[in-house]
file start_14.txt (compact mmCIF, C-alpha atoms and all ligand atoms)
# COMPACT_ATOMS: atom_id res chain seq x y z
CA MET B 1 11.57 -19.48 -10.33
CA LYS B 2 8.98 -20.74 -7.84
CA SER B 3 9.58 -23.89 -5.91
CA ARG B 4 7.07 -26.11 -4.07
CA GLY B 5 4.10 -25.04 -6.20
CA LYS B 6 2.58 -21.75 -5.19
CA ASN B 7 4.53 -21.23 -2.00
CA ILE B 8 7.66 -19.16 -1.98
CA VAL B 9 10.23 -18.39 0.72
CA ILE B 10 11.77 -14.93 1.07
CA LEU B 11 14.90 -13.99 3.02
CA ALA B 12 14.87 -10.25 3.81
CA ILE B 13 17.67 -8.04 5.10
CA GLU B 14 17.30 -4.64 6.79
CA SER B 15 20.18 -2.32 7.72
CA SER B 16 18.92 1.20 7.00
CA CYS B 17 19.72 2.73 10.39
CA ASP B 18 20.95 1.19 13.64
CA GLU B 19 19.35 -2.27 13.61
CA THR B 20 20.84 -5.16 11.67
CA ALA B 21 17.93 -7.46 10.90
CA ALA B 22 17.04 -10.52 8.85
CA ALA B 23 13.80 -12.45 8.49
CA VAL B 24 12.33 -15.36 6.57
CA ILE B 25 8.72 -15.58 5.44
CA LEU B 26 6.71 -18.16 3.59
CA GLY B 27 4.14 -16.73 1.19
CA ASN B 28 1.60 -17.89 -1.36
CA LEU B 29 1.53 -16.09 -4.70
CA LYS B 30 -1.59 -17.76 -6.10
CA SER B 31 -4.09 -17.29 -3.29
CA LYS B 32 -6.83 -14.71 -3.83
CA LEU B 33 -6.15 -12.97 -0.53
CA PRO B 34 -2.65 -12.51 0.86
CA ARG B 35 -1.43 -15.63 2.63
CA PHE B 36 1.90 -15.66 4.37
CA GLN B 37 3.67 -16.64 7.56
CA ILE B 38 6.66 -15.11 9.32
CA LEU B 39 9.05 -17.99 9.98
CA SER B 40 11.75 -15.99 11.74
CA SER B 41 12.73 -12.43 12.56
CA VAL B 42 16.12 -11.59 14.08
CA ILE B 43 17.11 -8.08 15.17
CA LYS B 44 20.52 -7.04 16.45
CA SER B 45 20.13 -3.58 17.95
CA GLN B 46 23.05 -1.16 18.09
CA ILE B 47 21.48 1.08 20.74
CA PRO B 48 24.19 0.42 23.38
CA LEU B 49 26.86 1.39 20.82
CA HIS B 50 25.31 4.75 19.98
CA GLN B 51 24.04 5.66 23.44
CA LYS B 52 27.32 7.20 24.56
CA PHE B 53 27.17 9.58 21.57
CA GLY B 54 23.55 10.56 22.29
CA GLY B 55 22.42 9.46 18.81
CA VAL B 56 23.25 7.30 15.81
CA VAL B 57 26.77 7.83 14.45
CA PRO B 58 26.60 6.75 10.76
CA GLU B 59 30.20 5.51 10.54
CA VAL B 60 29.84 3.46 13.75
CA ALA B 61 26.50 2.07 12.52
CA ALA B 62 27.92 0.92 9.18
CA ARG B 63 30.87 -0.83 10.82
CA ALA B 64 28.57 -2.62 13.25
CA HIS B 65 26.31 -3.75 10.37
CA VAL B 66 29.38 -5.29 8.71
CA GLN B 67 30.13 -7.25 11.89
CA ASN B 68 26.54 -8.27 12.61
CA ILE B 69 25.06 -9.08 9.24
CA LEU B 70 26.40 -12.60 8.77
CA PRO B 71 25.47 -13.95 12.24
CA VAL B 72 22.05 -12.26 12.02
CA VAL B 73 21.26 -13.80 8.60
CA LYS B 74 22.52 -17.17 9.78
CA LYS B 75 20.28 -17.06 12.87
CA ALA B 76 17.25 -16.04 10.79
CA LEU B 77 17.81 -19.10 8.57
CA VAL B 78 18.31 -21.44 11.55
CA ASP B 79 15.25 -20.08 13.42
CA ALA B 80 13.13 -20.55 10.28
CA GLY B 81 14.56 -24.02 9.63
CA ALA B 82 15.36 -22.76 6.13
CA SER B 83 18.41 -23.13 3.93
CA LEU B 84 19.97 -21.18 1.08
CA THR B 85 20.39 -24.18 -1.19
CA PRO B 86 18.42 -27.44 -1.50
CA ASN B 87 19.60 -30.23 0.77
CA PRO B 88 18.43 -33.63 -0.48
CA LEU B 89 18.66 -35.08 3.04
CA ALA B 90 16.54 -32.41 4.70
CA LEU B 91 13.05 -31.17 3.95
CA SER B 92 13.84 -27.63 5.03
CA PRO B 93 12.32 -24.80 2.98
CA VAL B 94 14.78 -23.27 0.52
CA ILE B 95 15.05 -19.53 -0.01
CA ASP B 96 13.53 -18.54 -3.38
CA TYR B 97 13.93 -14.76 -3.23
CA LEU B 98 16.16 -12.24 -1.52
CA ALA B 99 14.75 -8.89 -0.45
CA VAL B 100 16.69 -5.95 0.90
CA THR B 101 16.00 -2.45 2.16
CA SER B 102 17.73 -0.22 -0.36
CA GLY B 103 16.39 3.11 0.91
CA PRO B 104 15.66 5.49 2.49
CA GLY B 105 18.16 5.58 5.35
CA LEU B 106 21.81 6.16 6.19
CA ILE B 107 23.74 5.57 3.00
CA ALA B 108 26.71 3.65 4.46
CA SER B 109 24.35 1.43 6.48
CA LEU B 110 22.14 0.78 3.44
CA ILE B 111 25.17 -0.14 1.35
CA VAL B 112 26.17 -2.88 3.81
CA GLY B 113 22.80 -4.65 3.60
CA THR B 114 22.32 -4.05 -0.11
CA GLU B 115 25.75 -5.26 -1.16
CA PHE B 116 25.51 -8.28 1.16
CA ALA B 117 22.15 -9.27 -0.36
CA LYS B 118 23.49 -8.72 -3.88
CA GLY B 119 26.47 -10.94 -3.10
CA LEU B 120 24.12 -13.69 -1.92
CA ALA B 121 21.88 -13.27 -4.97
CA TYR B 122 24.86 -13.51 -7.31
CA ALA B 123 26.45 -16.51 -5.57
CA LEU B 124 23.17 -18.44 -5.32
CA GLY B 125 21.71 -17.33 -8.65
CA LYS B 126 18.54 -16.15 -6.87
CA PRO B 127 16.29 -13.20 -7.76
CA ILE B 128 16.46 -10.10 -5.61
CA LEU B 129 13.92 -7.38 -4.77
CA PRO B 130 14.84 -3.89 -3.57
CA VAL B 131 12.32 -2.79 -0.90
CA ASN B 132 11.52 0.72 0.30
CA HIS B 133 11.92 0.96 4.09
CA MET B 134 8.71 3.00 4.48
CA ALA B 135 6.77 0.49 2.38
CA GLY B 136 8.06 -2.05 4.91
CA HIS B 137 6.60 0.01 7.75
CA LEU B 138 3.33 0.37 5.81
CA TYR B 139 2.92 -3.38 5.24
CA SER B 140 4.07 -4.30 8.75
CA ALA B 141 0.53 -3.46 9.86
CA PHE B 142 -0.66 -6.64 8.10
CA GLY B 143 2.08 -8.82 9.57
CA HIS B 144 0.13 -10.51 12.32
CA LEU B 145 -3.47 -10.49 11.11
CA PRO B 146 -5.57 -13.61 11.55
CA SER B 147 -7.53 -12.33 8.55
CA ILE B 148 -4.45 -13.15 6.48
CA PRO B 149 -4.43 -16.92 6.82
CA SER B 150 -1.06 -18.42 7.59
CA LEU B 151 0.43 -21.27 5.62
CA ARG B 152 1.53 -23.18 8.69
CA ARG B 153 0.22 -23.32 12.21
CA PRO B 154 1.09 -19.85 13.52
CA ALA B 155 4.12 -19.73 15.75
CA ARG B 156 3.09 -18.44 19.18
CA LEU B 157 5.39 -15.47 18.82
CA TRP B 158 3.44 -14.09 15.89
CA ARG B 159 -0.08 -14.89 16.98
CA SER B 160 -2.24 -11.79 16.96
CA GLY B 161 -3.10 -9.75 19.99
CA GLY B 162 -6.73 -8.84 20.66
CA GLY B 163 -8.74 -6.37 18.68
CA ASN B 164 -7.40 -7.11 15.23
CA LYS B 165 -9.79 -9.79 14.04
CA GLY B 166 -11.53 -9.84 10.64
CA VAL B 167 -10.48 -9.00 7.10
CA VAL B 168 -8.76 -5.78 6.09
CA LYS B 169 -11.37 -3.43 4.70
CA PHE B 170 -10.32 -0.65 2.34
CA PRO B 171 -9.84 2.28 2.06
CA VAL B 172 -7.15 2.20 4.72
CA ILE B 173 -5.60 5.28 6.27
CA ALA B 174 -2.11 4.40 7.50
CA LEU B 175 -0.24 6.54 9.99
CA ILE B 176 3.51 5.83 9.77
CA VAL B 177 5.63 7.41 12.48
CA SER B 178 9.33 6.67 12.68
CA GLY B 179 12.62 8.34 13.54
CA GLY B 180 13.02 9.80 10.06
CA HIS B 181 9.45 10.05 8.73
CA THR B 182 5.91 10.96 9.70
CA MET B 183 3.29 10.33 7.04
CA ILE B 184 -0.33 9.57 6.37
CA VAL B 185 -0.87 7.14 3.52
CA LEU B 186 -4.13 6.36 1.75
CA MET B 187 -4.43 2.72 0.63
CA ARG B 188 -7.18 1.91 -1.88
CA ASP B 189 -6.30 -1.79 -1.81
CA TYR B 190 -3.32 -3.94 -0.85
CA TYR B 191 -1.29 -2.70 -3.81
CA ASN B 192 -2.31 0.92 -4.42
CA TYR B 193 -1.29 3.63 -2.04
CA LYS B 194 -0.28 7.27 -1.97
CA VAL B 195 1.12 9.62 0.62
CA ILE B 196 -1.46 12.31 1.49
CA GLY B 197 0.40 14.00 4.34
CA SER B 198 3.91 14.21 5.74
CA THR B 199 6.07 16.24 8.07
CA LEU B 200 7.39 19.59 6.92
CA ASP B 201 10.36 19.43 9.28
CA ASP B 202 11.21 17.02 12.15
CA ALA B 203 9.68 13.54 12.19
CA ALA B 204 7.72 12.51 15.30
CA GLY B 205 10.46 10.10 16.46
CA GLU B 206 13.10 12.73 15.85
CA ALA B 207 11.13 15.14 18.08
CA PHE B 208 11.02 12.49 20.84
CA ASP B 209 14.78 11.96 20.51
CA LYS B 210 15.61 15.69 20.52
CA VAL B 211 13.34 16.51 23.46
CA ALA B 212 14.88 13.60 25.40
CA LYS B 213 18.29 15.17 24.78
CA LEU B 214 17.04 18.54 26.07
CA LEU B 215 15.87 16.74 29.22
CA GLY B 216 19.21 14.96 29.64
CA LEU B 217 17.66 11.54 28.91
CA PRO B 218 19.50 8.77 27.03
CA TYR B 219 19.09 7.83 23.36
CA PRO B 220 16.70 6.67 21.95
CA GLY B 221 14.38 9.27 23.43
CA GLY B 222 11.02 7.72 22.49
CA PRO B 223 11.00 4.77 24.89
CA THR B 224 12.61 6.83 27.69
CA ILE B 225 10.13 9.69 27.38
CA SER B 226 7.10 7.41 27.20
CA LYS B 227 8.27 5.46 30.28
CA LEU B 228 8.83 8.67 32.23
CA ALA B 229 5.57 10.19 31.01
CA GLU B 230 3.65 7.42 32.79
CA SER B 231 4.49 9.02 36.14
CA GLY B 232 4.04 12.60 34.89
CA LYS B 233 1.11 15.01 34.77
CA SER B 234 0.13 17.07 31.75
CA THR B 235 0.86 20.39 33.46
CA ILE B 236 2.17 22.36 30.45
CA ASN B 237 0.04 23.29 27.50
CA PHE B 238 2.59 22.84 24.71
CA PRO B 239 1.54 23.93 21.19
CA ARG B 240 -0.21 21.45 18.87
CA PRO B 241 1.45 22.44 15.56
CA MET B 242 -0.78 22.37 12.47
CA LEU B 243 -3.60 20.74 14.41
CA ASN B 244 -6.18 22.84 12.61
CA SER B 245 -4.51 23.15 9.22
CA LYS B 246 -6.70 21.90 6.37
CA ASN B 247 -4.09 19.48 4.99
CA TYR B 248 -2.74 16.25 6.50
CA ASP B 249 0.80 17.55 7.00
CA PHE B 250 2.69 17.76 10.28
CA SER B 251 5.38 19.95 11.83
CA PHE B 252 7.15 19.06 15.07
CA SER B 253 10.10 21.40 15.12
CA GLY B 254 8.13 24.23 16.79
CA LEU B 255 6.98 21.88 19.53
CA LYS B 256 10.58 20.85 20.22
CA THR B 257 11.55 24.55 20.38
CA ALA B 258 8.66 25.22 22.80
CA VAL B 259 10.10 22.53 25.11
CA TYR B 260 13.54 24.16 24.79
CA TYR B 261 12.15 27.60 25.81
CA HIS B 262 10.18 26.07 28.67
CA ILE B 263 13.33 24.46 30.11
CA ARG B 264 15.27 27.68 29.58
CA ASP B 265 12.64 29.77 31.38
CA TYR B 266 11.89 27.21 34.12
CA PRO B 267 15.17 25.32 34.64
CA LEU B 268 14.97 21.77 36.00
CA PRO B 269 15.60 21.61 39.78
CA SER B 270 19.32 21.17 40.40
CA LEU B 271 20.66 17.74 41.33
CA SER B 272 23.54 19.27 43.26
CA LEU B 273 21.07 20.79 45.74
CA GLY B 274 19.69 17.33 46.50
CA ARG B 275 16.42 18.02 44.66
CA ASP B 276 16.50 14.70 42.80
CA ARG B 277 12.87 13.77 43.37
CA GLU B 278 11.59 17.19 42.42
CA ARG B 279 13.72 17.13 39.27
CA LEU B 280 12.44 13.69 38.31
CA GLN B 281 8.80 14.78 38.74
CA THR B 282 9.36 18.01 36.77
CA THR B 283 11.04 16.04 33.97
CA ALA B 284 8.18 13.51 33.99
CA ASN B 285 5.61 16.34 33.74
CA ILE B 286 7.42 17.83 30.73
CA ALA B 287 7.68 14.37 29.14
CA ARG B 288 3.96 13.76 29.68
CA SER B 289 2.93 17.21 28.40
CA PHE B 290 5.12 16.78 25.31
CA GLU B 291 3.84 13.26 24.63
CA ASP B 292 0.24 14.43 24.96
CA ALA B 293 0.85 17.21 22.41
CA VAL B 294 2.42 14.80 19.87
CA VAL B 295 -0.29 12.17 20.34
CA ASP B 296 -3.02 14.79 20.10
CA VAL B 297 -1.76 16.05 16.72
CA LEU B 298 -1.04 12.57 15.29
CA VAL B 299 -4.39 11.11 16.31
CA SER B 300 -6.50 14.15 15.34
CA LYS B 301 -5.01 14.41 11.87
CA THR B 302 -5.22 10.67 11.24
CA LEU B 303 -8.88 10.59 12.23
CA ARG B 304 -9.60 13.60 10.06
CA ALA B 305 -7.93 11.84 7.12
CA ALA B 306 -9.95 8.70 7.88
CA GLN B 307 -13.20 10.66 7.88
CA GLY B 308 -12.20 12.68 4.81
CA HIS B 309 -11.52 9.51 2.80
CA LYS B 310 -14.29 7.41 4.33
CA ALA B 311 -11.70 4.94 5.56
CA LYS B 312 -12.90 1.59 6.89
CA THR B 313 -9.58 0.85 8.56
CA VAL B 314 -6.81 2.84 10.23
CA THR B 315 -3.35 1.32 10.70
CA LEU B 316 -0.47 2.51 12.84
CA SER B 317 3.18 1.58 12.27
CA GLY B 318 6.81 2.75 12.54
CA GLY B 319 9.01 2.98 15.64
CA VAL B 320 6.86 5.61 17.40
CA ALA B 321 3.89 3.21 17.07
CA ALA B 322 5.52 1.35 19.98
CA ASN B 323 4.28 4.26 22.13
CA LYS B 324 1.52 3.00 24.39
CA LYS B 325 -0.25 6.33 24.74
CA LEU B 326 -0.41 6.72 20.95
CA ARG B 327 -1.60 3.13 20.42
CA ASP B 328 -4.30 3.38 23.09
CA THR B 329 -5.54 6.84 22.08
CA LEU B 330 -5.79 5.91 18.40
CA MET B 331 -7.61 2.66 19.16
CA VAL B 332 -10.13 4.26 21.52
CA ASN B 333 -10.91 7.07 19.07
CA CYS B 334 -11.26 4.70 16.11
CA GLN B 335 -13.67 2.64 18.14
CA ARG B 336 -15.68 5.78 18.85
CA LEU B 337 -15.92 6.47 15.10
CA HIS B 338 -16.62 2.78 14.29
CA VAL B 339 -13.44 2.56 12.20
CA LYS B 340 -11.36 -0.58 12.55
CA CYS B 341 -7.92 0.05 13.99
CA ILE B 342 -4.92 -2.21 13.33
CA VAL B 343 -1.92 -1.78 15.58
CA PRO B 344 0.82 -4.38 15.12
CA PRO B 345 2.88 -5.66 18.06
CA ALA B 346 5.81 -3.40 19.01
CA ARG B 347 8.38 -5.86 17.56
CA LEU B 348 6.87 -5.21 14.11
CA CYS B 349 6.76 -1.43 14.64
CA THR B 350 10.42 -0.65 15.37
CA ASP B 351 12.86 -1.51 12.57
CA ASN B 352 12.85 -5.20 11.63
CA ALA B 353 13.29 -7.32 8.51
CA ALA B 354 9.96 -9.18 8.74
CA MET B 355 8.27 -6.01 7.47
CA ILE B 356 10.70 -5.90 4.54
CA ALA B 357 9.91 -9.52 3.69
CA ILE B 358 6.17 -8.79 3.88
CA ALA B 359 6.50 -5.75 1.60
CA ALA B 360 8.52 -7.91 -0.85
CA TYR B 361 5.77 -10.56 -0.74
CA PHE B 362 3.12 -7.96 -1.62
CA LYS B 363 5.35 -6.66 -4.43
CA LEU B 364 5.66 -10.16 -5.90
CA LYS B 365 1.96 -10.82 -5.48
CA ASN B 366 1.30 -7.64 -7.43
CA GLY B 367 3.40 -8.93 -10.32
CA PHE B 368 6.67 -7.11 -9.65
CA GLN B 369 9.54 -8.77 -11.49
CA PRO B 370 12.76 -9.10 -9.48
CA VAL B 371 15.62 -7.15 -11.03
CA ALA B 372 19.16 -8.20 -11.91
CA TYR B 373 21.36 -7.98 -8.82
CA SER B 374 23.56 -5.40 -10.55
CA GLN B 375 20.57 -3.03 -10.79
CA VAL B 376 19.95 -2.91 -7.04
CA LYS B 377 21.50 0.21 -5.54
CA ALA B 378 21.31 1.83 -2.13
CA ASP B 379 19.39 5.13 -2.36
CA SER B 380 19.32 7.14 0.87
CA SER B 381 16.41 9.34 -0.26
CA TRP B 382 14.20 6.81 -2.07
CA GLU B 383 10.60 8.00 -1.68
CA ILE B 384 7.86 5.53 -0.90
O1 LIG J 401 11.01 2.95 12.77
P1 LIG J 401 12.18 3.12 13.66
O2 LIG J 401 12.61 1.94 14.49
O3 LIG J 401 13.43 3.62 12.88
C1 LIG J 401 13.33 4.52 11.83
O4 LIG J 401 12.96 4.09 10.71
O5 LIG J 401 13.56 5.72 12.10
O6 LIG J 401 11.84 4.34 14.64
C2 LIG J 401 12.75 4.78 15.59
C3 LIG J 401 12.10 5.93 16.35
C4 LIG J 401 13.07 6.63 17.30
O7 LIG J 401 12.97 8.02 17.08
C5 LIG J 401 12.54 6.24 18.67
O8 LIG J 401 12.77 7.24 19.66
C6 LIG J 401 11.06 6.06 18.40
O9 LIG J 401 11.02 5.43 17.14
N1 LIG J 401 10.41 5.22 19.40
C7 LIG J 401 9.44 5.66 20.22
C8 LIG J 401 9.11 4.61 21.09
N2 LIG J 401 9.90 3.52 20.75
C9 LIG J 401 10.69 3.92 19.71
N3 LIG J 401 8.83 6.88 20.29
C10 LIG J 401 7.89 7.04 21.23
N4 LIG J 401 7.54 6.08 22.12
C11 LIG J 401 8.12 4.86 22.07
N5 LIG J 401 7.75 3.91 22.95
ZN ZN J 402 12.08 2.50 10.32
call {"tool": "encode", "arguments": {"input": "start_14.txt", "output": "structure tokens"}}
result
Amino acid sequence: MKSRGKNIVILAIESSCDETAAAVILGNLKSKLPRFQILSSVIKSQIPLHQKFGGVVPEVAARAHVQNILPVVKKALVDAGASLTPNPLALSPVIDYLAVTSGPGLIASLIVGTEFAKGLAYALGKPILPVNHMAGHLYSAFGHLPSIPSLRRPARLWRSGGGNKGVVKFPVIALIVSGGHTMIVLMRDYYNYKVIGSTLDDAAGEAFDKVAKLLGLPYPGGPTISKLAESGKSTINFPRPMLNSKNYDFSFSGLKTAVYYHIRDYPLPSLSLGRDRERLQTTANIARSFEDAVVDVLVSKTLRAAQGHKAKTVTLSGGVAANKKLRDTLMVNCQRLHVKCIVPPARLCTDNAAMIAIAAYFKLKNGFQPVAYSQVKADSSWEI
């Protein structure tokens, strides 16, 4: 099954929501510590398509995945200098394994990626691994670490940013915050993990998106709110749901409702009266106050989990991890507690296929046997 000795090449496909993505990684299955290198990562975002609807329209997303998947996979192969089948005239690495996100996510979108990957696996006679999207987010935190030696000279794109040097020390407390999920995961080592807290209602990203809608801001709400929040002041003391609860669970729906009542009781200054500037500042203040409340809850509960489990490392991942305020606040507070904090670059936080390839690599390294292509099925509610 393995070619070129201990090194293997994985082509991963991700299409669980509104990004069509493919990536190639090179990994070593025999090394004591994980050893891999991202060779390419291509993401085709559908944001402009969904923006006019104010959110992701599943039918539109699935159709766009159908159109995008082939060019995206092709580009990932070209960027990596890899090929699907051996070419005697070229020394390019050949794909050994296929990996695909088969859940959780939008079912029609998942089916596009899953069936495409199965078709490739069947035609090429290659093994295939189904990967859980949230496991992808979990492992994305290790995607750029210098402590995980690369197999080639690192491409500049993937070289680590500051602050993440050294080996990963366990236990790890991982905060995963995305559009559909908010969870705290305890990792005892690279291969053993369990969810110790999750959201009881809206996910953090979902709250950002819904509050943006209330403020009349475009989809996706997270980046828009965080940009606006930079010029805002924290003038409103929004609730911090479940901040003091004894468990590690979250709830963001009450916070979203508090923003709704605030706007109802103190309407935004009207544009038609020429109060544009005043309206912008008021919106920015609400955005900032809301962001502060979310960050406060996420960081406090993560740190409490870290202390409760004597964690040596805290990781942050998922789309909301692109939020600068969250990244900075978590890092500063971890430093204060002398806990190492790993925050991957934003391109590894929002949906991408490199994280799916990395999760597949860890699965293989842990002895997981690829399944027959006919056994891989999209499952919209697959739990991590
Ligand atoms: O992980 P992801 O790309 O997709 C899912 O698996 O859901 O996360 C998307 C979510 C969206 O809700 C989006 O608004 C949020 O991540 N997001 C952000 C930021 N960038 C993306 N939220 C807050 N601040 C950001 N800068
Ligand atoms: Zn995601």
call {"tool": "residues_near_ligand", "arguments": {"input": "start_14.txt", "ligand": "ligand ZN 402 (chain J)", "cutoff": "6 Å", "atoms": "all atoms listed in the file", "output": "number ranges by chain"}}
result
B: 178, 318, 351
call {"tool": "write_last_selection", "arguments": {"input": "start_14.txt", "atoms": "C-alpha atoms", "output": "short mmCIF file (atom, residue, chain, number, x, y, z; two decimals), in the coordinates of the input"}}
result
data_model
loop_
_atom_site.label_atom_id
_atom_site.label_comp_id
_atom_site.auth_asym_id
_atom_site.auth_seq_id
_atom_site.Cartn_x
_atom_site.Cartn_y
_atom_site.Cartn_z
CA SER B 178 9.33 6.67 12.68
CA GLY B 318 6.81 2.75 12.54
CA ASP B 351 12.86 -1.51 12.57
#
call {"tool": "residues_near_ligand", "arguments": {"input": "start_14.txt", "ligand": "ligand LIG 401 (chain J)", "cutoff": "6 Å", "atoms": "only C-alpha atoms and all ligand atoms", "output": "PyMOL selection string"}}
result
chain B and resi 178-180+205-206+208-209+220-223+226+318-320+322-323+350-351
call {"tool": "closest_residue", "arguments": {"input": "start_14.txt", "among": "B:Leu217, B:Leu330, B:Ala82, B:Val376", "to": "Ser300 (chain B)", "atoms": "all atoms listed in the file"}}
result
B:Leu330
call {"tool": "residues_around", "arguments": {"input": "start_14.txt", "residues": "Val294 (chain B)", "least_positions_apart": "3", "cutoff": "9 Å", "atoms": "all atoms listed in the file", "output": "ChimeraX atom specification"}}
result
/B:204,207-208,240-241,252,255,289-291,297-299,326
call {"tool": "closest_residue", "arguments": {"input": "start_14.txt", "among": "B:Leu124, B:His137, B:Phe116, B:Gln67", "to": "Ala360 (chain B)", "atoms": "all atoms listed in the file"}}
result
B:His137
call {"tool": "closest_residue", "arguments": {"input": "start_14.txt", "among": "B:Gly119, B:Gly113, B:Gly274, B:Pro34", "to": "Ser150 (chain B)", "atoms": "only C-alpha atoms"}}
result
B:Pro34
call {"tool": "residues_around", "arguments": {"input": "start_14.txt", "residues": "Ile196 (chain B)", "least_positions_apart": "2", "cutoff": "10 Å", "atoms": "only C-alpha atoms", "output": "PyMOL selection string"}}
result
chain B and resi 173-174+183-186+193-194+198+247-249+305
call {"tool": "write_last_selection", "arguments": {"input": "start_14.txt", "atoms": "C-alpha atoms", "output": "CSV table (one decimal), in the frame of the given file"}}
result
chain,number,residue,atom,x,y,z
B,173,ILE,CA,-5.6,5.3,6.3
B,174,ALA,CA,-2.1,4.4,7.5
B,183,MET,CA,3.3,10.3,7.0
B,184,ILE,CA,-0.3,9.6,6.4
B,185,VAL,CA,-0.9,7.1,3.5
B,186,LEU,CA,-4.1,6.4,1.8
B,193,TYR,CA,-1.3,3.6,-2.0
B,194,LYS,CA,-0.3,7.3,-2.0
B,198,SER,CA,3.9,14.2,5.7
B,247,ASN,CA,-4.1,19.5,5.0
B,248,TYR,CA,-2.7,16.2,6.5
B,249,ASP,CA,0.8,17.6,7.0
B,305,ALA,CA,-7.9,11.8,7.1
call {"tool": "atom_distance", "arguments": {"input": "start_14.txt", "atom1": "CA of Ile95 (chain B)", "atom2": "CA of Leu11 (chain B)"}}
result
6.3 Å
call {"tool": "closest_residue", "arguments": {"input": "start_14.txt", "among": "B:Pro171, B:Pro218, B:Pro149, B:Gly125", "to": "Ser31 (chain B)", "atoms": "only C-alpha atoms"}}
result
B:Pro149
call {"tool": "residues_around", "arguments": {"input": "start_14.txt", "residues": "Thr114 (chain B)", "least_positions_apart": "3", "cutoff": "8 Å", "atoms": "all atoms listed in the file", "output": "JSON list (two decimals) with C-alpha atoms, in the coordinates of the input"}}
result
[["chain", "number", "residue", "atom", "x", "y", "z"],
["B", 100, "VAL", "CA", 16.69, -5.95, 0.90],
["B", 101, "THR", "CA", 16.00, -2.45, 2.16],
["B", 102, "SER", "CA", 17.73, -0.22, -0.36],
["B", 110, "LEU", "CA", 22.14, 0.78, 3.44],
["B", 111, "ILE", "CA", 25.17, -0.14, 1.35],
["B", 117, "ALA", "CA", 22.15, -9.27, -0.36],
["B", 118, "LYS", "CA", 23.49, -8.72, -3.88],
["B", 376, "VAL", "CA", 19.95, -2.91, -7.04],
["B", 377, "LYS", "CA", 21.50, 0.21, -5.54],
["B", 378, "ALA", "CA", 21.31, 1.83, -2.13]]
call {"tool": "atom_distance", "arguments": {"input": "start_14.txt", "atom1": "CA of Gln335 (chain B)", "atom2": "CA of Asn352 (chain B)"}}
result
28.4 Å
call {"tool": "atom_distance", "arguments": {"input": "start_14.txt", "atom1": "CA of Ser45 (chain B)", "atom2": "CA of Glu59 (chain B)"}}
result
15.5 Å
call {"tool": "residues_around", "arguments": {"input": "start_14.txt", "residues": "Lys246 (chain B)", "least_positions_apart": "3", "cutoff": "10 Å", "atoms": "all atoms listed in the file", "output": "count of residues only"}}
result
5
call {"tool": "residues_around", "arguments": {"input": "start_14.txt", "residues": "Ala372 (chain B)", "least_positions_apart": "2", "cutoff": "8 Å", "atoms": "all atoms listed in the file", "output": "JSON, numbers by chain"}}
result
{"B": [127, 128, 370, 374, 375, 376]}
call {"tool": "write_last_selection", "arguments": {"input": "start_14.txt", "atoms": "C-alpha atoms", "output": "PDB file, in the coordinates of the input"}}
result
ATOM      1  CA  PRO B 127      16.290 -13.200  -7.760  1.00  0.00           C
ATOM      2  CA  ILE B 128      16.460 -10.100  -5.610  1.00  0.00           C
ATOM      3  CA  PRO B 370      12.760  -9.100  -9.480  1.00  0.00           C
ATOM      4  CA  SER B 374      23.560  -5.400 -10.550  1.00  0.00           C
ATOM      5  CA  GLN B 375      20.570  -3.030 -10.790  1.00  0.00           C
ATOM      6  CA  VAL B 376      19.950  -2.910  -7.040  1.00  0.00           C
TER       7      VAL B 376
END
call {"tool": "decode", "arguments": {"input": "start_14.txt", "residues": "region 20-26 of chain B", "atoms": "N, CA, C and O atoms", "output": "PDB file, in the first residue's frame"}}
result
ATOM      1  N   THR B  20     -15.209  24.756  -1.278  1.00  0.00           N
ATOM      2  CA  THR B  20     -14.749  23.535  -1.938  1.00  0.00           C
ATOM      3  C   THR B  20     -13.235  23.550  -1.796  1.00  0.00           C
ATOM      4  O   THR B  20     -12.593  24.520  -2.211  1.00  0.00           O
ATOM      5  N   ALA B  21     -12.669  22.508  -1.187  1.00  0.00           N
ATOM      6  CA  ALA B  21     -11.233  22.552  -0.925  1.00  0.00           C
ATOM      7  C   ALA B  21     -10.568  21.207  -1.178  1.00  0.00           C
ATOM      8  O   ALA B  21     -11.188  20.152  -1.042  1.00  0.00           O
ATOM      9  N   ALA B  22      -9.299  21.277  -1.578  1.00  0.00           N
ATOM     10  CA  ALA B  22      -8.491  20.069  -1.755  1.00  0.00           C
ATOM     11  C   ALA B  22      -7.076  20.376  -1.309  1.00  0.00           C
ATOM     12  O   ALA B  22      -6.622  21.533  -1.400  1.00  0.00           O
ATOM     13  N   ALA B  23      -6.390  19.366  -0.786  1.00  0.00           N
ATOM     14  CA  ALA B  23      -5.021  19.574  -0.312  1.00  0.00           C
ATOM     15  C   ALA B  23      -4.239  18.282  -0.454  1.00  0.00           C
ATOM     16  O   ALA B  23      -4.813  17.189  -0.479  1.00  0.00           O
ATOM     17  N   VAL B  24      -2.916  18.445  -0.550  1.00  0.00           N
ATOM     18  CA  VAL B  24      -2.031  17.281  -0.616  1.00  0.00           C
ATOM     19  C   VAL B  24      -1.012  17.403   0.509  1.00  0.00           C
ATOM     20  O   VAL B  24      -0.433  18.479   0.705  1.00  0.00           O
ATOM     21  N   ILE B  25      -0.836  16.319   1.271  1.00  0.00           N
ATOM     22  CA  ILE B  25       0.252  16.339   2.251  1.00  0.00           C
ATOM     23  C   ILE B  25       1.120  15.093   2.103  1.00  0.00           C
ATOM     24  O   ILE B  25       0.681  14.054   1.606  1.00  0.00           O
ATOM     25  N   LEU B  26       2.352  15.278   2.550  1.00  0.00           N
ATOM     26  CA  LEU B  26       3.326  14.196   2.559  1.00  0.00           C
ATOM     27  C   LEU B  26       3.517  13.850   4.040  1.00  0.00           C
ATOM     28  O   LEU B  26       3.683  14.761   4.858  1.00  0.00           O
TER      29      LEU B  26
END
